[in-house]
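Written below as structure tokens is the structure these notes are about.
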Amino acid sequence: MVYLILSVNYRIMNIIIKYHLAIILIIVGTILIGCKKEKATLPILTTSVVTNITSSTATSGGNITDIGGVTISASGVCWSTSINPTITNEKTTDGTKIGAYISSITGLTPVTTLYLRAYATNSVGTAYGSEISFTTSSTSTSVTDIDGNDYNTITIGNQVWMQQNLKTTKYRNGDLIGTTVYASFDLDKANEIKPKYQWAYNGMESNVALYGRLYTWYTVIDSRNVCPIGWHVPTDSEWTTLTDYLTKNGYAYNGSGDNIAKSLAATFGWGESGTAGNIGCDQASNNRSGFAALPGGSRFPYGSFGGIVSECIWWSATKEDTTGAWNRSLYYSQSIIEKGAWNRRIGYSVRCLRDL
């Protein structure tokens with residue numbers, strides 16, 4: 001009997017010892033796993049849009065979202081005239097911390113296309129953000145039309161645009177662009193099929209300084225040219241180049257998508273909207289691209305005007321069918337820029353684009 005009791009107790013003790021030993025091993029293993037050092041990796045970062053572009057300077061930066069488990073030793077942007085720039089090319093040095101940083105780029109050459117990437121370096125190596133291309137402006141920051149009107153210019157991607165709507169009353173060669181005796185003259189009743197006219201909105205010259213003039217498409221494509229020498233009315237594909245650049249380079253509301261209207265619109269002058277992301281909502285946050293669009297309205301063939309605080313529509317030089325031509329439009333109550341094709345006898349605004 002005594003032997004049986006001892007045997008049972010021995011088995012119980014053996015089970016208890018094994019159980020506690022297993023618990024100890026689990027605890028030790030957990031501690032060792034917790035103390036194991038994570039393997040360092042390359043940083044993760046994005047490139048900020050390029051803004052404030054001049055003939056010799058620009059502003060960009062990056063946003064480091066993961067340092068890779070070890071200290072960042074350097075970050076900034078690098079650029080070159082060739083694709084895929086690295087830190088062996090021109091670069092800035094802007095900090096060693098996680099998060100966003102701003103890079104001031106100097107010493108650039110006028111009218112030069114450059115490729116830029118953000119970079120961050122740790123002990124593992126150097127990582128890069130996505131590549132952005134941009135073109136520096138000419139040493140001249142303004143252009144003058146045949147009437148003596150001056151226009152500021154802005155470089156967006158590889159294009160240089162006027163920052164104001166066209167105001168000229170003459171073609172490039174000095175010939176007058178006609179207007180109607182009464183601003184409300186009915187082109188339909190007069191049976192004018194291909195009218196070549198310009199108007200101040202509502203016939204009021206006081207509107208021109210801010211909003212520019214309104215032109216029929218037949219005026220826009222006249223061989224005498226409405227834009228100054230070295231400039232032209234953009235084609236439909238050139239408008240698409242602009243909108244594609246803004247969409248792909250983070251100019252959309254909240255950073256992604258095709259809702260780029262706010263980045264094109266001026267910071268004042270639009271009708272009010274209560275919907276976030278629309279041009280008319282929080283207008284102070286508009287105009288990230290510098291395009292500075294104002295709502296110049298439209299003039300219809302039957303003589304009425306409309307939309308001076310709600311819309312801006314620009315002609316392209318590209319026809320759509322037998323009666324229409326392509327255009328681009330912004331509306332105070334929308335977050336996108338629309339592509340449309342409307343009657344060529346309507347009066348719309350014109351933005352000139354510099355020749356390549």
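By convention in this document, the chains of the structure tokens carry letters A, B, ... by their order, each chain's residues are numbered from 1, and ligands are numbered from 1 in the order they are shown.
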
Sorted by chain and rising residue number, list the residues of range 105-198 of chain A at most 9 Å from range 224-231 of chain A (counting only C-alpha atoms), each with its closest atom pair and distance in Å to one decimal, as CSV.
residue,atom,partner,partner_atom,distance
A:Val143,CA,A:Pro228,CA,7.9
A:Thr144,CA,A:Pro228,CA,7.0
A:Asp145,CA,A:Pro228,CA,5.0
A:Ile146,CA,A:Pro228,CA,6.7
A:Trp161,CA,A:Trp231,CA,9.0
A:Leu166,CA,A:Cys227,CA,7.7
A:Thr168,CA,A:Val226,CA,7.4
A:Thr169,CA,A:Val226,CA,8.6
A:Lys170,CA,A:Val226,CA,7.0
A:Tyr171,CA,A:Val226,CA,4.7
A:Arg172,CA,A:Asn225,CA,5.5
A:Asn173,CA,A:Arg224,CA,6.4
A:Gly174,CA,A:Arg224,CA,8.9
A:Asp175,CA,A:Arg224,CA,8.1
A:Ile177,CA,A:Val226,CA,8.7

Residues near range 245-252 of chain A, anyone? I mean within 12 Å using only C-alpha atoms, not counting same-chain ones fewer than 2 positions away, as a short mmCIF file (atom, residue, chain, number, x, y, z; two decimals) with C-alpha atoms, in the first residue's frame.
data_model
loop_
_atom_site.label_atom_id
_atom_site.label_comp_id
_atom_site.auth_asym_id
_atom_site.auth_seq_id
_atom_site.Cartn_x
_atom_site.Cartn_y
_atom_site.Cartn_z
CA THR A 46 6.75 60.18 -50.82
CA THR A 47 7.71 63.20 -52.94
CA SER A 48 5.85 66.49 -52.50
CA VAL A 49 4.51 68.44 -55.48
CA VAL A 50 6.80 71.05 -57.01
CA THR A 51 5.53 74.60 -56.49
CA SER A 60 9.29 70.66 -53.11
CA SER A 130 8.11 58.94 -56.81
CA GLU A 131 9.61 61.04 -59.61
CA ILE A 132 8.14 64.41 -60.63
CA SER A 133 9.14 66.40 -63.69
CA PHE A 134 8.84 70.17 -64.01
CA THR A 155 4.95 77.01 -65.10
CA ILE A 156 2.94 73.84 -64.45
CA GLY A 157 4.76 70.64 -65.30
CA ASN A 158 6.38 71.17 -68.70
CA GLN A 159 3.94 73.91 -69.75
CA GLU A 238 -2.63 70.30 -74.41
CA TRP A 239 -5.45 70.94 -71.96
CA THR A 240 -5.37 67.22 -71.18
CA THR A 241 -1.61 67.44 -70.55
CA LEU A 242 -2.32 70.08 -67.90
CA THR A 243 -5.11 68.19 -66.16
CA ASN A 254 -7.21 65.61 -50.29
CA GLY A 255 -4.31 64.54 -52.49
CA SER A 256 -5.76 61.96 -54.89
CA GLY A 257 -8.35 61.60 -57.64
CA ASP A 258 -9.45 63.92 -60.42
CA ASN A 259 -11.04 66.62 -58.22
CA ILE A 260 -8.39 69.19 -59.14
CA ALA A 261 -10.68 72.19 -59.65
CA LYS A 262 -9.67 73.98 -56.44
CA SER A 263 -6.01 73.82 -57.44
CA LEU A 264 -6.84 75.75 -60.64
CA ALA A 265 -9.27 78.33 -59.24
CA GLY A 277 -13.77 70.10 -52.20
CA ASN A 278 -15.83 72.45 -54.37
CA ILE A 279 -14.24 75.63 -55.70
CA SER A 285 -7.28 77.11 -49.97
CA ASN A 286 -7.66 77.32 -53.78
CA ASN A 287 -4.95 77.87 -56.41
CA ARG A 288 -2.21 75.43 -55.39
CA SER A 289 -1.16 75.23 -59.05
CA GLY A 290 -0.96 79.01 -59.52
CA PHE A 291 -3.36 78.94 -62.50
CA SER A 335 -14.62 69.87 -57.61
CA ILE A 336 -13.58 68.73 -61.10
CA ILE A 337 -12.65 70.45 -64.34
#

Q. Hey, what's within 10 Å of range 316-319 of chain A if we count only C-alpha atoms and toss same-chain stuff fewer than 3 positions away? As number ranges by chain, please?
A. A: 217-218, 220-222, 232-239, 313, 322-328, 341-344, 349-352

The selected residues should be written to file as a PDB file, in the first residue's frame (atoms: N, CA and C atoms).
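Below is the file again06.pdb, written as the result:
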ATOM      1  N   TRP A 217     -15.310  80.902 -81.034  1.00  0.00           N
ATOM      2  CA  TRP A 217     -14.269  79.952 -81.450  1.00  0.00           C
ATOM      3  C   TRP A 217     -13.687  80.328 -82.813  1.00  0.00           C
ATOM      4  N   TYR A 218     -14.489  80.920 -83.678  1.00  0.00           N
ATOM      5  CA  TYR A 218     -13.996  81.306 -85.008  1.00  0.00           C
ATOM      6  C   TYR A 218     -12.928  82.402 -84.888  1.00  0.00           C
ATOM      7  N   VAL A 220     -10.898  82.543 -82.212  1.00  0.00           N
ATOM      8  CA  VAL A 220      -9.795  81.830 -81.577  1.00  0.00           C
ATOM      9  C   VAL A 220      -8.895  81.124 -82.597  1.00  0.00           C
ATOM     10  N   ILE A 221      -9.507  80.563 -83.650  1.00  0.00           N
ATOM     11  CA  ILE A 221      -8.702  79.775 -84.604  1.00  0.00           C
ATOM     12  C   ILE A 221      -8.348  80.572 -85.857  1.00  0.00           C
ATOM     13  N   ASP A 222      -8.641  81.872 -85.875  1.00  0.00           N
ATOM     14  CA  ASP A 222      -8.270  82.706 -87.027  1.00  0.00           C
ATOM     15  C   ASP A 222      -6.749  82.689 -87.212  1.00  0.00           C
ATOM     16  N   HIS A 232       0.092  80.571 -77.986  1.00  0.00           N
ATOM     17  CA  HIS A 232      -1.007  80.072 -78.821  1.00  0.00           C
ATOM     18  C   HIS A 232      -2.173  79.609 -77.952  1.00  0.00           C
ATOM     19  N   VAL A 233      -3.318  79.467 -78.594  1.00  0.00           N
ATOM     20  CA  VAL A 233      -4.483  78.888 -77.922  1.00  0.00           C
ATOM     21  C   VAL A 233      -4.256  77.382 -77.805  1.00  0.00           C
ATOM     22  N   PRO A 234      -4.330  76.788 -76.613  1.00  0.00           N
ATOM     23  CA  PRO A 234      -4.024  75.366 -76.452  1.00  0.00           C
ATOM     24  C   PRO A 234      -5.001  74.453 -77.172  1.00  0.00           C
ATOM     25  N   THR A 235      -4.493  73.358 -77.668  1.00  0.00           N
ATOM     26  CA  THR A 235      -5.336  72.326 -78.262  1.00  0.00           C
ATOM     27  C   THR A 235      -6.017  71.522 -77.151  1.00  0.00           C
ATOM     28  N   ASP A 236      -6.951  70.689 -77.543  1.00  0.00           N
ATOM     29  CA  ASP A 236      -7.607  69.811 -76.573  1.00  0.00           C
ATOM     30  C   ASP A 236      -6.585  68.919 -75.871  1.00  0.00           C
ATOM     31  N   SER A 237      -5.633  68.369 -76.609  1.00  0.00           N
ATOM     32  CA  SER A 237      -4.634  67.477 -76.002  1.00  0.00           C
ATOM     33  C   SER A 237      -3.716  68.238 -75.045  1.00  0.00           C
ATOM     34  N   GLU A 238      -3.457  69.517 -75.320  1.00  0.00           N
ATOM     35  CA  GLU A 238      -2.626  70.302 -74.405  1.00  0.00           C
ATOM     36  C   GLU A 238      -3.366  70.619 -73.109  1.00  0.00           C
ATOM     37  N   TRP A 239      -4.664  70.823 -73.185  1.00  0.00           N
ATOM     38  CA  TRP A 239      -5.449  70.942 -71.961  1.00  0.00           C
ATOM     39  C   TRP A 239      -5.379  69.640 -71.159  1.00  0.00           C
ATOM     40  N   ILE A 313     -15.150  79.162 -68.629  1.00  0.00           N
ATOM     41  CA  ILE A 313     -15.045  78.173 -69.706  1.00  0.00           C
ATOM     42  C   ILE A 313     -14.033  78.697 -70.712  1.00  0.00           C
ATOM     43  N   THR A 322     -19.192  69.160 -86.633  1.00  0.00           N
ATOM     44  CA  THR A 322     -19.460  70.220 -87.611  1.00  0.00           C
ATOM     45  C   THR A 322     -19.857  71.536 -86.958  1.00  0.00           C
ATOM     46  N   THR A 323     -20.332  71.499 -85.716  1.00  0.00           N
ATOM     47  CA  THR A 323     -20.786  72.739 -85.062  1.00  0.00           C
ATOM     48  C   THR A 323     -20.111  73.007 -83.721  1.00  0.00           C
ATOM     49  N   GLY A 324     -19.469  72.006 -83.133  1.00  0.00           N
ATOM     50  CA  GLY A 324     -18.915  72.146 -81.789  1.00  0.00           C
ATOM     51  C   GLY A 324     -17.405  72.225 -81.771  1.00  0.00           C
ATOM     52  N   ALA A 325     -16.854  72.649 -80.629  1.00  0.00           N
ATOM     53  CA  ALA A 325     -15.408  72.665 -80.390  1.00  0.00           C
ATOM     54  C   ALA A 325     -15.181  72.330 -78.919  1.00  0.00           C
ATOM     55  N   TRP A 326     -14.040  71.710 -78.636  1.00  0.00           N
ATOM     56  CA  TRP A 326     -13.753  71.268 -77.274  1.00  0.00           C
ATOM     57  C   TRP A 326     -13.395  72.447 -76.378  1.00  0.00           C
ATOM     58  N   ASN A 327     -13.782  72.332 -75.126  1.00  0.00           N
ATOM     59  CA  ASN A 327     -13.457  73.361 -74.139  1.00  0.00           C
ATOM     60  C   ASN A 327     -13.204  72.714 -72.784  1.00  0.00           C
ATOM     61  N   ARG A 328     -12.771  73.528 -71.824  1.00  0.00           N
ATOM     62  CA  ARG A 328     -12.636  73.105 -70.425  1.00  0.00           C
ATOM     63  C   ARG A 328     -13.371  74.117 -69.555  1.00  0.00           C
ATOM     64  N   ALA A 341     -17.973  70.024 -75.330  1.00  0.00           N
ATOM     65  CA  ALA A 341     -17.931  70.479 -76.726  1.00  0.00           C
ATOM     66  C   ALA A 341     -19.198  71.269 -76.989  1.00  0.00           C
ATOM     67  N   TRP A 342     -19.046  72.594 -77.258  1.00  0.00           N
ATOM     68  CA  TRP A 342     -20.197  73.454 -77.391  1.00  0.00           C
ATOM     69  C   TRP A 342     -20.145  74.246 -78.693  1.00  0.00           C
ATOM     70  N   ASN A 343     -21.258  74.917 -78.959  1.00  0.00           N
ATOM     71  CA  ASN A 343     -21.430  75.690 -80.185  1.00  0.00           C
ATOM     72  C   ASN A 343     -20.298  76.707 -80.358  1.00  0.00           C
ATOM     73  N   ARG A 344     -19.711  76.733 -81.530  1.00  0.00           N
ATOM     74  CA  ARG A 344     -18.544  77.582 -81.786  1.00  0.00           C
ATOM     75  C   ARG A 344     -18.869  79.075 -81.807  1.00  0.00           C
ATOM     76  N   SER A 349     -13.905  82.355 -72.600  1.00  0.00           N
ATOM     77  CA  SER A 349     -12.596  82.904 -72.268  1.00  0.00           C
ATOM     78  C   SER A 349     -11.500  82.163 -73.025  1.00  0.00           C
ATOM     79  N   VAL A 350     -10.306  82.776 -73.055  1.00  0.00           N
ATOM     80  CA  VAL A 350      -9.133  82.180 -73.693  1.00  0.00           C
ATOM     81  C   VAL A 350      -7.946  82.274 -72.747  1.00  0.00           C
ATOM     82  N   ARG A 351      -7.237  81.169 -72.573  1.00  0.00           N
ATOM     83  CA  ARG A 351      -5.946  81.154 -71.886  1.00  0.00           C
ATOM     84  C   ARG A 351      -4.878  80.799 -72.908  1.00  0.00           C
ATOM     85  N   CYS A 352      -3.833  81.572 -72.979  1.00  0.00           N
ATOM     86  CA  CYS A 352      -2.763  81.300 -73.937  1.00  0.00           C
ATOM     87  C   CYS A 352      -1.674  80.444 -73.297  1.00  0.00           C
TER      88      CYS A 352
END

**Q.** Pick from A:Ile83, A:Thr57, A:Asn63, A:Ser137, whichever lies nearest to Gly107 in chain A using only C-alpha atoms
**A.**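 The answer is A:Thr57, which sits nearest to Gly107 in chain A.
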
Q) Skipping near chain neighbours, those fewer than 3 positions away, what residues fall within 12 Å of range 69-72 of chain A using only C-alpha atoms, listed as number ranges by chain? A) A: 37-45, 64-66, 75-76, 93-99, 119-127

Q | 9 Å contact set for range 296-310 of chain A, only C-alpha atoms, chain neighbours under 3 positions out, as JSON, numbers by chain | A | {"A": [165, 182, 183, 184, 185, 186, 187, 188, 189, 199, 201, 202, 207, 208, 210, 211, 212, 213, 214, 215, 216, 269, 270, 271, 272, 280, 293, 313, 330, 331, 332, 333, 343, 345, 346, 347, 348, 349]}

Q: Provide the CA of Asp147 in chain A to CA of Glu311 in chain A distance in Å, to one decimal place.
A: 25.8 Å

**Q.** Exercise: Thr106 in chain A partners within 9 Å, only C-alpha atoms, chain neighbours under 3 positions left out, as a list in words
**A.**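 My reading of the contact set: Ser56, Thr57, Ala58 and Thr59 of chain A.
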
Q) If you run DSSP on this backbone, which residues of range 89-180 of chain A come out as strand (DSSP E or B), and could you give them as a PyMOL selection string? A) chain A and resi 90-91+99-105+113-121+126-128+132-135+142-144+150-156+159-162+170+176

Q.
I need the residues in range 112-287 of chain A that are alpha helix (DSSP H) according to DSSP; give them as number ranges by chain.
A. A: 208-211, 217-220, 236-248, 261-264

Q. For Ser329 in chain A, which of A:Cys312, A:Leu176, A:Val111, A:Met204 is the closest residue, counting only C-alpha atoms?
A. A:Cys312

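Among A:Gln163, A:Thr113, A:Gln198, A:Ser223, the residue with the shortest atom-to-atom distance to Thr180 in chain A, counting only C-alpha atoms, is A:Gln198.
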